[in-house]
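Contents: one structure, followed by commentary.
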Amino acid sequence: MDSSLEAQLALLRKRIANIDARFAASRPAAGSEDVACLGGGEVETQHGVHWEVERFWPASHNHGSVSVERLASLAGRRWVYLDTETTGLAGGAGTLAFLIGAARITPDGVQLRQWFIREHGEEPSALASLAAYLEEFDTLVTYNGRTYDQPLLETRYTLARQRTPFSRLEHLDLLYGARRLWKLRFESCRLVELERQILGHERQGDVPGELIPQLYFEFLRTRRAARLKPVLEHNALDILSLAFLAEIIPTVFADPLACHLTHAAELNGLARWLVGQGRLEEASELYRRAVTAATSDDLMFQALWERGLVEKKLERTSEALTIWTDLAATANAHRAAALIELAKHYEHHEKNIFMALECAAEAARLENSADIAHRLERLEGKLARRQRQPRLR
């Protein structure tokens with residue numbers, strides 16, 4: 001390393017140490033700190049000390065409308081469920097994960113451990129303890145952790161001059177699967193919303209996520225930890241709900257046709273994913289189920305339209321034409337698009353310009369579109385040229 005850079009780093013460390021010393025001098029006496037109200041106790045590592053809290057939900061515990069016993073199928077997997085609470089929502093090198101929660105599923109229930117950093121100097125100790133804990137697992141399960149939690153913690157390990165424990169772990173971020181399944185059904189796919197809608201758990205007195213940094217900074221000033229108890233509870237509930245979603249989402253995507261989804265929006269979302277994977281036969285079946293399960297015309301027409309596109313890709317022309325004909329005959333958001341699909345078929349496959357022009361003209365009356373207008377103009381010109389051709393006697 002360049003000597004000038006080493007000198008700058010040494011000066012920076014000295015300034016940080018002076019700041020820490022001044023902060024320690026102005027901090028309330030240790031006797032005023034009531035962190036014991038959070039439960040748990042102090043843990044010592046080779047990097048110092050930090051605070052840890054443990055919690056257990058037995059198989060008999062109900063989380064909303066579901067029982068922890070339902071998670072027994074996950075007990076044999078080396079999966080760890082992780083979530084953090086931080087000093088800022090934007091991330092970046094200045095953001096500290098002051099509370100890290102991680103859980104494992106056992107045959108008896110869910111074991112949760114939380115690492116709480118009472119001051120910045122305890123971070124290396126907490127990170128070292130977390131790294132040791134993660135050695136027992138193969139897969140990290142998070143909700144938006146690929147974008148937020150893991151990169152944040154990796155930065156903290158780098159700044160603490162410790163090796164990141166995440167490089168060897170597979171990462172299962174449930175946010176992406178949740179959006180595919182539920183973005184058509186719910187206004188939000190936030191974890192707390194899915195907890196309420198899917199698991200039937202309504203939080204009482206939950207602390208809003210945007211207030212959590214403020215509560216931690218208040219603790220740093222006053223050393224009174226009682227107001228952080230809801231933060232630990234918030235983190236714990238996030239992780240418990242994460243575990244339940246891990247039981248639902250991967251199972252659905254592993255065997256879509258065997259899933260027990262009954263809502264048309266969920267079936268539509270799963271079918272779209274199958275289309276993206278090139279699994280068109282399975283997608284067609286799920287769209288068919290979605291049409292049957294639809295509780296609104298909008299959902300039914302959406303599923304019909306998307307199934308028609310799948311049937312076209314599968315070159316099942318008869319099925320696709322039946323769907324587009326049905327859509328073209330009824331007022332719905334896809335009527336004009338269905339008429340255009342019919343126009344394409346009549347023009348290119350049946351060579352029936354008159355029918356193609358009729359369908360395009362009807363689509364133009366329904367929707368003011370440059371593409372439709374261009375198609376209509378082209379068909380009119382094609383028909384005019386054909387009519388000018390001399391007839392053979």
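Chain labels run A, B, ... following the order of the structure tokens; each chain numbers its residues from 1, and ligands are numbered from 1 in the order shown.
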Members of stretch 236-277 of chain A assigned helix (DSSP H, G or I) by DSSP, as a PyMOL selection string: chain A and resi 236-254+256-258+264-276
Could you pull the residues within 8 Å of stretch 308-320 of chain A, counting only C-alpha atoms, minus those fewer than 6 positions along the same chain, as an MDAnalysis selection string? chainID A and resid 275 280:281 283:284
Grab the residues selected above and save them as a PDB file, in the first residue's frame with C-alpha atoms.
ATOM      1  CA  VAL A 275     -44.242 -18.418 -20.257  1.00  0.00           C
ATOM      2  CA  LEU A 280     -46.002 -23.153 -22.485  1.00  0.00           C
ATOM      3  CA  GLU A 281     -48.099 -26.280 -21.925  1.00  0.00           C
ATOM      4  CA  ALA A 283     -48.848 -22.019 -18.689  1.00  0.00           C
ATOM      5  CA  SER A 284     -51.848 -22.827 -20.878  1.00  0.00           C
TER       6      SER A 284
END
I need the residue nearest A:Ser369 from this list: A:Leu240, A:Ala343, A:Ala59, A:Ala336. Use only C-alpha atoms for the distance.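 Of all the options, A:Ala336 lies closest to A:Ser369.
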Long-range neighbours of stretch 296-299 of chain A as a list in words, 7 Å cut-off, only C-alpha atoms, 4 positions minimum in chain: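 Once the adjacent positions are removed, what remains is Ala264, Ala265 and Ala303 of chain A.
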Give me, as a ChimeraX atom specification, all polymer residues having an atom no more than 10 Å from A:Gly94, counting only C-alpha atoms and skipping those fewer than 4 positions away in the same chain. /A:87-88,90,152,155-156
Skipping near chain neighbours, those fewer than 3 positions away, what residues fall within 9 Å of A:Met355 using only C-alpha atoms, listed as JSON, numbers by chain? {"A": [342, 343, 346, 347, 352, 358, 359, 360]}
Residue subset to file, keeping C-alpha atoms, as a short mmCIF file (atom, residue, chain, number, x, y, z; two decimals), in the first residue's frame:
data_model
loop_
_atom_site.label_atom_id
_atom_site.label_comp_id
_atom_site.auth_asym_id
_atom_site.auth_seq_id
_atom_site.Cartn_x
_atom_site.Cartn_y
_atom_site.Cartn_z
CA LEU A 342 -57.95 -12.25 -36.22
CA ALA A 343 -56.99 -9.81 -38.98
CA TYR A 346 -57.29 -13.98 -42.15
CA GLU A 347 -54.64 -12.07 -44.10
CA ASN A 352 -59.01 -13.51 -46.97
CA GLU A 358 -63.31 -5.98 -41.62
CA CYS A 359 -61.55 -7.01 -38.40
CA ALA A 360 -58.99 -4.21 -38.68
#
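DSSP annotation of stretch 101-303 of chain A from backbone atoms: strand (DSSP E) residues are Gly101, Ala102, Ala103, Arg104, Ile105, Thr106, Gly109, Val110, Gln111, Leu112, Arg113, Gln114, Trp115, Phe116, Thr139, Leu140, Val141, Thr142, Glu170, His171, Leu172 and Asp173 of chain A.
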For the residues in that selection, give me N, CA, C and O atoms as a short mmCIF file (atom, residue, chain, number, x, y, z; two decimals), in the first residue's frame.
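Result saved to result20.cif:
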data_model
loop_
_atom_site.label_atom_id
_atom_site.label_comp_id
_atom_site.auth_asym_id
_atom_site.auth_seq_id
_atom_site.Cartn_x
_atom_site.Cartn_y
_atom_site.Cartn_z
N GLY A 101 -31.33 -10.13 12.52
CA GLY A 101 -32.07 -11.30 12.98
C GLY A 101 -31.88 -12.45 12.02
O GLY A 101 -31.86 -12.27 10.80
N ALA A 102 -31.72 -13.65 12.56
CA ALA A 102 -31.58 -14.85 11.73
C ALA A 102 -32.27 -16.00 12.45
O ALA A 102 -32.23 -16.09 13.68
N ALA A 103 -32.89 -16.88 11.67
CA ALA A 103 -33.64 -17.99 12.27
C ALA A 103 -33.38 -19.27 11.52
O ALA A 103 -33.01 -19.27 10.35
N ARG A 104 -33.61 -20.37 12.22
CA ARG A 104 -33.55 -21.70 11.64
C ARG A 104 -34.83 -22.44 11.99
O ARG A 104 -35.46 -22.17 13.02
N ILE A 105 -35.20 -23.40 11.14
CA ILE A 105 -36.37 -24.24 11.40
C ILE A 105 -35.89 -25.57 11.95
O ILE A 105 -35.00 -26.21 11.38
N THR A 106 -36.45 -25.98 13.07
CA THR A 106 -36.14 -27.26 13.67
C THR A 106 -37.43 -28.09 13.72
O THR A 106 -38.53 -27.56 13.53
N GLY A 109 -39.80 -26.36 16.12
CA GLY A 109 -40.29 -25.00 15.92
C GLY A 109 -39.26 -24.12 15.25
O GLY A 109 -38.37 -24.59 14.53
N VAL A 110 -39.34 -22.82 15.52
CA VAL A 110 -38.46 -21.83 14.90
C VAL A 110 -37.59 -21.20 15.97
O VAL A 110 -38.09 -20.67 16.97
N GLN A 111 -36.28 -21.25 15.75
CA GLN A 111 -35.31 -20.64 16.67
C GLN A 111 -34.79 -19.35 16.03
O GLN A 111 -34.24 -19.37 14.94
N LEU A 112 -34.95 -18.25 16.75
CA LEU A 112 -34.51 -16.96 16.27
C LEU A 112 -33.37 -16.44 17.13
O LEU A 112 -33.39 -16.57 18.36
N ARG A 113 -32.37 -15.84 16.50
CA ARG A 113 -31.30 -15.14 17.21
C ARG A 113 -31.19 -13.73 16.64
O ARG A 113 -31.24 -13.55 15.42
N GLN A 114 -31.04 -12.77 17.52
CA GLN A 114 -30.90 -11.37 17.11
C GLN A 114 -29.62 -10.79 17.69
O GLN A 114 -29.34 -10.94 18.88
N TRP A 115 -28.85 -10.15 16.82
CA TRP A 115 -27.61 -9.49 17.22
C TRP A 115 -27.90 -7.99 17.32
O TRP A 115 -28.24 -7.35 16.30
N PHE A 116 -27.76 -7.43 18.50
CA PHE A 116 -28.04 -6.02 18.72
C PHE A 116 -26.74 -5.29 19.04
O PHE A 116 -25.98 -5.70 19.93
N THR A 139 -27.98 -22.02 2.46
CA THR A 139 -28.82 -21.11 1.69
C THR A 139 -29.32 -19.97 2.57
O THR A 139 -29.82 -20.21 3.67
N LEU A 140 -29.16 -18.76 2.06
CA LEU A 140 -29.65 -17.56 2.73
C LEU A 140 -31.01 -17.21 2.14
O LEU A 140 -31.16 -17.09 0.93
N VAL A 141 -32.02 -17.07 3.00
CA VAL A 141 -33.38 -16.73 2.56
C VAL A 141 -33.72 -15.34 3.07
O VAL A 141 -33.62 -15.08 4.27
N THR A 142 -34.10 -14.43 2.16
CA THR A 142 -34.40 -13.05 2.54
C THR A 142 -35.63 -12.57 1.78
O THR A 142 -36.17 -13.28 0.92
N GLU A 170 -25.85 -19.93 -1.16
CA GLU A 170 -26.87 -19.65 -2.16
C GLU A 170 -27.82 -18.61 -1.57
O GLU A 170 -27.99 -18.54 -0.36
N HIS A 171 -28.43 -17.82 -2.44
CA HIS A 171 -29.33 -16.77 -1.95
C HIS A 171 -30.71 -16.93 -2.59
O HIS A 171 -30.85 -16.86 -3.81
N LEU A 172 -31.70 -17.14 -1.74
CA LEU A 172 -33.08 -17.23 -2.20
C LEU A 172 -33.81 -15.98 -1.72
O LEU A 172 -34.14 -15.85 -0.54
N ASP A 173 -34.04 -15.05 -2.64
CA ASP A 173 -34.74 -13.81 -2.32
C ASP A 173 -36.20 -13.99 -2.74
O ASP A 173 -36.51 -14.05 -3.92
#
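Residues in contact range of stretch 84-86 of chain A, defined as at most 7 Å between only C-alpha atoms, with sequence neighbours fewer than 4 positions away removed, read Thr95, Leu96, Ala97, Phe98, Leu99, Ile100, Gly101, Asp149 and Pro213 of chain A.
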Option closest in space to A:Leu237, from A:Glu135, A:Asp83, A:Glu218, A:Glu282 [counting only C-alpha atoms]: A:Asp83
Given the choices A:Arg190, A:Arg386, A:Arg289, A:Arg227, which gets closest to A:Ser241 if the distance is worked out from only C-alpha atoms?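 Closest to A:Ser241 of all the choices is A:Arg190.
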Among listed residues A:Asn144, A:His120, A:Arg279, A:His61, nearest A:Leu220 (using only C-alpha atoms):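 Smallest distance to A:Leu220 is found for A:His120.
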